[in-house]
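To start, the structure under review is shown below, and the notes come after it.
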Amino acid sequence: MLTIIVPGVELFDETTQEFATSEETILDLEHSLVSLSKWESEFEKPFLGSEEKTNAEVIAYIRCMTISTGVPSEAFTRLTSANFAEVNAYINAKMTATW
């Protein structure tokens, strides 16, 4: 399992002339056959392979990997390049002695 922290942001609302903040979000992720199956059923192609994934496809896979509950959907739009690097390293790690 991988735990990442998606940082909160502070935005300025032009209509109300006020700042709005969103809290950081903690995501617990698990790269598994279940998450692969969910993603592949949505995109109808294999996830693991040499074909380059779009940002939308990668974010969709992170959603499929998420085992945390009650995650606001906007949290996935705030993923940083460091978050993506952590997820990529986790997916590519050898997590078994059988390979």
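Ordering of the structure tokens sets the chain letters (A, B, ...); residue numbers start at 1 within each chain; ligands are numbered from 1 in the order shown.
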
Near stretch 6-20 of chain A, within 12 Å and counting only C-alpha atoms, which residues show up once chain neighbours fewer than 2 positions away are dropped, as a list in words?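 That gives Thr3, Ile4, Ser22, Glu23, Glu24, Thr25, Ile26, Leu27, Asp28, Val71, Pro72, Ser73, Glu74, Ala75, Phe76, Thr77, Arg78, Leu79, Thr80, Ser81, Ala82, Asn83, Phe84, Glu86 and Val87 of chain A.
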
Can you pull out every residue within 12 Å of stretch 43-57 of chain A, counting only C-alpha atoms, but drop anything in the same chain fewer than 3 positions away, and send it as a PDB file with N, CA, C and O atoms, in the first residue's frame?
ATOM      1  N   HIS A  31      -2.002  -0.874  -5.630  1.00  0.00           N
ATOM      2  CA  HIS A  31      -1.830  -1.370  -7.001  1.00  0.00           C
ATOM      3  C   HIS A  31      -2.102  -2.869  -6.947  1.00  0.00           C
ATOM      4  O   HIS A  31      -1.357  -3.625  -6.344  1.00  0.00           O
ATOM      5  N   SER A  32      -3.211  -3.290  -7.542  1.00  0.00           N
ATOM      6  CA  SER A  32      -3.622  -4.689  -7.422  1.00  0.00           C
ATOM      7  C   SER A  32      -4.335  -5.144  -8.688  1.00  0.00           C
ATOM      8  O   SER A  32      -4.615  -4.346  -9.583  1.00  0.00           O
ATOM      9  N   LEU A  33      -4.631  -6.427  -8.728  1.00  0.00           N
ATOM     10  CA  LEU A  33      -5.392  -6.960  -9.858  1.00  0.00           C
ATOM     11  C   LEU A  33      -6.782  -6.338  -9.927  1.00  0.00           C
ATOM     12  O   LEU A  33      -7.321  -6.132 -11.014  1.00  0.00           O
ATOM     13  N   SER A  35      -7.606  -3.186  -9.031  1.00  0.00           N
ATOM     14  CA  SER A  35      -7.500  -1.845  -9.616  1.00  0.00           C
ATOM     15  C   SER A  35      -7.196  -1.930 -11.113  1.00  0.00           C
ATOM     16  O   SER A  35      -7.742  -1.146 -11.896  1.00  0.00           O
ATOM     17  N   LEU A  36      -6.347  -2.877 -11.511  1.00  0.00           N
ATOM     18  CA  LEU A  36      -6.074  -3.063 -12.941  1.00  0.00           C
ATOM     19  C   LEU A  36      -7.340  -3.450 -13.690  1.00  0.00           C
ATOM     20  O   LEU A  36      -7.621  -2.924 -14.770  1.00  0.00           O
ATOM     21  N   SER A  37      -8.124  -4.354 -13.114  1.00  0.00           N
ATOM     22  CA  SER A  37      -9.361  -4.806 -13.746  1.00  0.00           C
ATOM     23  C   SER A  37     -10.359  -3.666 -13.911  1.00  0.00           C
ATOM     24  O   SER A  37     -10.994  -3.529 -14.965  1.00  0.00           O
ATOM     25  N   LYS A  38     -10.497  -2.842 -12.879  1.00  0.00           N
ATOM     26  CA  LYS A  38     -11.407  -1.697 -12.970  1.00  0.00           C
ATOM     27  C   LYS A  38     -10.994  -0.766 -14.097  1.00  0.00           C
ATOM     28  O   LYS A  38     -11.826  -0.323 -14.901  1.00  0.00           O
ATOM     29  N   TRP A  39      -9.691  -0.435 -14.148  1.00  0.00           N
ATOM     30  CA  TRP A  39      -9.202   0.491 -15.166  1.00  0.00           C
ATOM     31  C   TRP A  39      -9.367  -0.098 -16.563  1.00  0.00           C
ATOM     32  O   TRP A  39      -9.823   0.575 -17.481  1.00  0.00           O
ATOM     33  N   GLU A  40      -8.978  -1.370 -16.727  1.00  0.00           N
ATOM     34  CA  GLU A  40      -9.047  -2.000 -18.045  1.00  0.00           C
ATOM     35  C   GLU A  40     -10.477  -2.167 -18.530  1.00  0.00           C
ATOM     36  O   GLU A  40     -10.735  -2.087 -19.734  1.00  0.00           O
ATOM     37  N   ALA A  60      -7.247   8.358 -13.792  1.00  0.00           N
ATOM     38  CA  ALA A  60      -8.286   7.334 -13.660  1.00  0.00           C
ATOM     39  C   ALA A  60      -7.733   6.101 -12.949  1.00  0.00           C
ATOM     40  O   ALA A  60      -8.421   5.497 -12.121  1.00  0.00           O
ATOM     41  N   TYR A  61      -6.483   5.740 -13.239  1.00  0.00           N
ATOM     42  CA  TYR A  61      -5.907   4.582 -12.562  1.00  0.00           C
ATOM     43  C   TYR A  61      -5.677   4.881 -11.078  1.00  0.00           C
ATOM     44  O   TYR A  61      -5.902   4.020 -10.227  1.00  0.00           O
ATOM     45  N   ILE A  62      -5.260   6.076 -10.767  1.00  0.00           N
ATOM     46  CA  ILE A  62      -5.087   6.444  -9.359  1.00  0.00           C
ATOM     47  C   ILE A  62      -6.433   6.368  -8.639  1.00  0.00           C
ATOM     48  O   ILE A  62      -6.517   5.909  -7.505  1.00  0.00           O
ATOM     49  N   ARG A  63      -7.501   6.783  -9.307  1.00  0.00           N
ATOM     50  CA  ARG A  63      -8.845   6.646  -8.720  1.00  0.00           C
ATOM     51  C   ARG A  63      -9.160   5.168  -8.461  1.00  0.00           C
ATOM     52  O   ARG A  63      -9.719   4.818  -7.421  1.00  0.00           O
ATOM     53  N   CYS A  64      -8.816   4.304  -9.423  1.00  0.00           N
ATOM     54  CA  CYS A  64      -9.075   2.872  -9.273  1.00  0.00           C
ATOM     55  C   CYS A  64      -8.245   2.267  -8.142  1.00  0.00           C
ATOM     56  O   CYS A  64      -8.682   1.315  -7.493  1.00  0.00           O
ATOM     57  N   PHE A  76      -8.230  14.762  -6.884  1.00  0.00           N
ATOM     58  CA  PHE A  76      -7.455  14.150  -7.968  1.00  0.00           C
ATOM     59  C   PHE A  76      -6.957  15.196  -8.967  1.00  0.00           C
ATOM     60  O   PHE A  76      -5.997  14.958  -9.680  1.00  0.00           O
ATOM     61  N   THR A  77      -7.584  16.353  -8.996  1.00  0.00           N
ATOM     62  CA  THR A  77      -7.118  17.430  -9.883  1.00  0.00           C
ATOM     63  C   THR A  77      -5.955  18.189  -9.265  1.00  0.00           C
ATOM     64  O   THR A  77      -5.290  18.961  -9.956  1.00  0.00           O
ATOM     65  N   LEU A  79      -3.349  16.648  -7.749  1.00  0.00           N
ATOM     66  CA  LEU A  79      -2.159  15.798  -7.675  1.00  0.00           C
ATOM     67  C   LEU A  79      -0.961  16.543  -8.244  1.00  0.00           C
ATOM     68  O   LEU A  79      -1.050  17.179  -9.291  1.00  0.00           O
ATOM     69  N   THR A  80       0.148  16.468  -7.544  1.00  0.00           N
ATOM     70  CA  THR A  80       1.357  17.167  -7.974  1.00  0.00           C
ATOM     71  C   THR A  80       2.261  16.231  -8.771  1.00  0.00           C
ATOM     72  O   THR A  80       2.055  15.009  -8.784  1.00  0.00           O
ATOM     73  N   SER A  81       3.283  16.796  -9.400  1.00  0.00           N
ATOM     74  CA  SER A  81       4.236  15.954 -10.128  1.00  0.00           C
ATOM     75  C   SER A  81       4.961  15.019  -9.158  1.00  0.00           C
ATOM     76  O   SER A  81       5.289  13.888  -9.511  1.00  0.00           O
ATOM     77  N   PHE A  84       2.657  12.076  -8.631  1.00  0.00           N
ATOM     78  CA  PHE A  84       2.725  11.170  -9.777  1.00  0.00           C
ATOM     79  C   PHE A  84       4.009  10.347  -9.743  1.00  0.00           C
ATOM     80  O   PHE A  84       4.001   9.157 -10.050  1.00  0.00           O
ATOM     81  N   ASN A  88       4.180   6.325  -9.616  1.00  0.00           N
ATOM     82  CA  ASN A  88       4.906   5.609 -10.658  1.00  0.00           C
ATOM     83  C   ASN A  88       5.965   4.688 -10.055  1.00  0.00           C
ATOM     84  O   ASN A  88       6.108   3.532 -10.476  1.00  0.00           O
ATOM     85  N   ILE A  91       4.194   1.655  -8.537  1.00  0.00           N
ATOM     86  CA  ILE A  91       3.715   0.700  -9.544  1.00  0.00           C
ATOM     87  C   ILE A  91       4.883  -0.097 -10.107  1.00  0.00           C
ATOM     88  O   ILE A  91       4.758  -1.307 -10.354  1.00  0.00           O
ATOM     89  N   ASN A  92       6.028   0.533 -10.308  1.00  0.00           N
ATOM     90  CA  ASN A  92       7.171  -0.148 -10.929  1.00  0.00           C
ATOM     91  C   ASN A  92       8.039  -0.926  -9.946  1.00  0.00           C
ATOM     92  O   ASN A  92       8.946  -1.656 -10.367  1.00  0.00           O
TER      93      ASN A  92
END

In Å, with one decimal, what is the gap from atom CA of A:Ile5 to atom CA of A:Thr66?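 Taking atom CA of A:Ile5 as the start and atom CA of A:Thr66 as the end point, the length is 12.4 Å.
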
List every residue of chain A that DSSP, applied to the backbone, labels as strand (DSSP E or B), and write the result as a list in words.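 Taking chain A and keeping strand (DSSP E or B) only, one gets Leu2, Thr3, Ile4, Ile5, Val6, Val9, Glu10, Leu11, Phe12, Asp13, Glu18, Phe19, Ala20, Thr21, Ser22, Thr25, Ile26, Leu27, Asp28, Leu29 and Thr66 of chain A.
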
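The two atoms in question, atom CA of A:Ala85 and atom CA of A:Ser68, are spaced 19.6 Å apart.
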
Run DSSP on the backbone and give me the residues of chain A it puts in alpha helix (DSSP H), as a ChimeraX atom specification. /A:33-43,55-65,81-92

For the selection you just gave me, I'd like the residues written to a file as a compact mmCIF listing (two decimals), in the first residue's frame, keeping N, CA, C and O atoms.
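In the end it all went to part-v3.txt:
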# COMPACT_ATOMS: atom_id res chain seq x y z
N LEU A 33 -4.63 -6.43 -8.73
CA LEU A 33 -5.39 -6.96 -9.86
C LEU A 33 -6.78 -6.34 -9.93
O LEU A 33 -7.32 -6.13 -11.01
N VAL A 34 -7.34 -6.01 -8.79
CA VAL A 34 -8.67 -5.37 -8.76
C VAL A 34 -8.61 -3.99 -9.41
O VAL A 34 -9.44 -3.65 -10.25
N SER A 35 -7.61 -3.19 -9.03
CA SER A 35 -7.50 -1.84 -9.62
C SER A 35 -7.20 -1.93 -11.11
O SER A 35 -7.74 -1.15 -11.90
N LEU A 36 -6.35 -2.88 -11.51
CA LEU A 36 -6.07 -3.06 -12.94
C LEU A 36 -7.34 -3.45 -13.69
O LEU A 36 -7.62 -2.92 -14.77
N SER A 37 -8.12 -4.35 -13.11
CA SER A 37 -9.36 -4.81 -13.75
C SER A 37 -10.36 -3.67 -13.91
O SER A 37 -10.99 -3.53 -14.96
N LYS A 38 -10.50 -2.84 -12.88
CA LYS A 38 -11.41 -1.70 -12.97
C LYS A 38 -10.99 -0.77 -14.10
O LYS A 38 -11.83 -0.32 -14.90
N TRP A 39 -9.69 -0.44 -14.15
CA TRP A 39 -9.20 0.49 -15.17
C TRP A 39 -9.37 -0.10 -16.56
O TRP A 39 -9.82 0.58 -17.48
N GLU A 40 -8.98 -1.37 -16.73
CA GLU A 40 -9.05 -2.00 -18.05
C GLU A 40 -10.48 -2.17 -18.53
O GLU A 40 -10.74 -2.09 -19.73
N SER A 41 -11.42 -2.36 -17.62
CA SER A 41 -12.82 -2.45 -18.05
C SER A 41 -13.34 -1.10 -18.52
O SER A 41 -14.19 -1.02 -19.39
N GLU A 42 -12.80 -0.02 -17.96
CA GLU A 42 -13.21 1.32 -18.39
C GLU A 42 -12.58 1.70 -19.73
O GLU A 42 -13.25 2.25 -20.60
N PHE A 43 -11.29 1.42 -19.90
CA PHE A 43 -10.58 1.87 -21.10
C PHE A 43 -10.44 0.80 -22.18
O PHE A 43 -9.99 1.09 -23.29
N ASN A 55 -2.71 11.85 -19.30
CA ASN A 55 -2.89 12.29 -17.92
C ASN A 55 -4.23 11.82 -17.37
O ASN A 55 -4.34 11.41 -16.22
N ALA A 56 -5.26 11.89 -18.20
CA ALA A 56 -6.59 11.46 -17.76
C ALA A 56 -6.60 9.96 -17.43
O ALA A 56 -7.24 9.54 -16.46
N GLU A 57 -5.89 9.16 -18.22
CA GLU A 57 -5.82 7.72 -17.95
C GLU A 57 -5.05 7.42 -16.66
O GLU A 57 -5.44 6.55 -15.90
N VAL A 58 -3.99 8.17 -16.42
CA VAL A 58 -3.22 7.97 -15.20
C VAL A 58 -4.05 8.36 -13.98
O VAL A 58 -4.09 7.64 -12.98
N ILE A 59 -4.73 9.49 -14.06
CA ILE A 59 -5.58 9.92 -12.94
C ILE A 59 -6.70 8.89 -12.72
O ILE A 59 -7.03 8.57 -11.57
N ALA A 60 -7.25 8.36 -13.79
CA ALA A 60 -8.29 7.33 -13.66
C ALA A 60 -7.73 6.10 -12.95
O ALA A 60 -8.42 5.50 -12.12
N TYR A 61 -6.48 5.74 -13.24
CA TYR A 61 -5.91 4.58 -12.56
C TYR A 61 -5.68 4.88 -11.08
O TYR A 61 -5.90 4.02 -10.23
N ILE A 62 -5.26 6.08 -10.77
CA ILE A 62 -5.09 6.44 -9.36
C ILE A 62 -6.43 6.37 -8.64
O ILE A 62 -6.52 5.91 -7.50
N ARG A 63 -7.50 6.78 -9.31
CA ARG A 63 -8.85 6.65 -8.72
C ARG A 63 -9.16 5.17 -8.46
O ARG A 63 -9.72 4.82 -7.42
N CYS A 64 -8.82 4.30 -9.42
CA CYS A 64 -9.07 2.87 -9.27
C CYS A 64 -8.24 2.27 -8.14
O CYS A 64 -8.68 1.32 -7.49
N MET A 65 -7.08 2.81 -7.89
CA MET A 65 -6.20 2.32 -6.84
C MET A 65 -6.62 2.81 -5.45
O MET A 65 -6.19 2.25 -4.44
N SER A 81 3.28 16.80 -9.40
CA SER A 81 4.24 15.95 -10.13
C SER A 81 4.96 15.02 -9.16
O SER A 81 5.29 13.89 -9.51
N ALA A 82 5.18 15.47 -7.93
CA ALA A 82 5.79 14.60 -6.92
C ALA A 82 4.86 13.44 -6.58
O ALA A 82 5.32 12.30 -6.39
N ASN A 83 3.54 13.70 -6.50
CA ASN A 83 2.57 12.62 -6.26
C ASN A 83 2.63 11.60 -7.39
O ASN A 83 2.65 10.38 -7.14
N PHE A 84 2.66 12.08 -8.63
CA PHE A 84 2.73 11.17 -9.78
C PHE A 84 4.01 10.35 -9.74
O PHE A 84 4.00 9.16 -10.05
N ALA A 85 5.12 10.96 -9.37
CA ALA A 85 6.40 10.25 -9.28
C ALA A 85 6.33 9.15 -8.23
O ALA A 85 6.83 8.04 -8.45
N GLU A 86 5.71 9.44 -7.07
CA GLU A 86 5.56 8.44 -6.02
C GLU A 86 4.72 7.26 -6.50
O GLU A 86 5.07 6.10 -6.26
N VAL A 87 3.62 7.56 -7.17
CA VAL A 87 2.73 6.51 -7.67
C VAL A 87 3.46 5.67 -8.72
O VAL A 87 3.40 4.44 -8.70
N ASN A 88 4.18 6.33 -9.62
CA ASN A 88 4.91 5.61 -10.66
C ASN A 88 5.96 4.69 -10.05
O ASN A 88 6.11 3.53 -10.48
N ALA A 89 6.71 5.17 -9.07
CA ALA A 89 7.72 4.35 -8.41
C ALA A 89 7.08 3.16 -7.71
O ALA A 89 7.61 2.04 -7.74
N TYR A 90 5.92 3.38 -7.10
CA TYR A 90 5.20 2.30 -6.41
C TYR A 90 4.74 1.23 -7.40
O TYR A 90 4.90 0.03 -7.16
N ILE A 91 4.19 1.66 -8.54
CA ILE A 91 3.72 0.70 -9.54
C ILE A 91 4.88 -0.10 -10.11
O ILE A 91 4.76 -1.31 -10.35
N ASN A 92 6.03 0.53 -10.31
CA ASN A 92 7.17 -0.15 -10.93
C ASN A 92 8.04 -0.93 -9.95
O ASN A 92 8.95 -1.66 -10.37
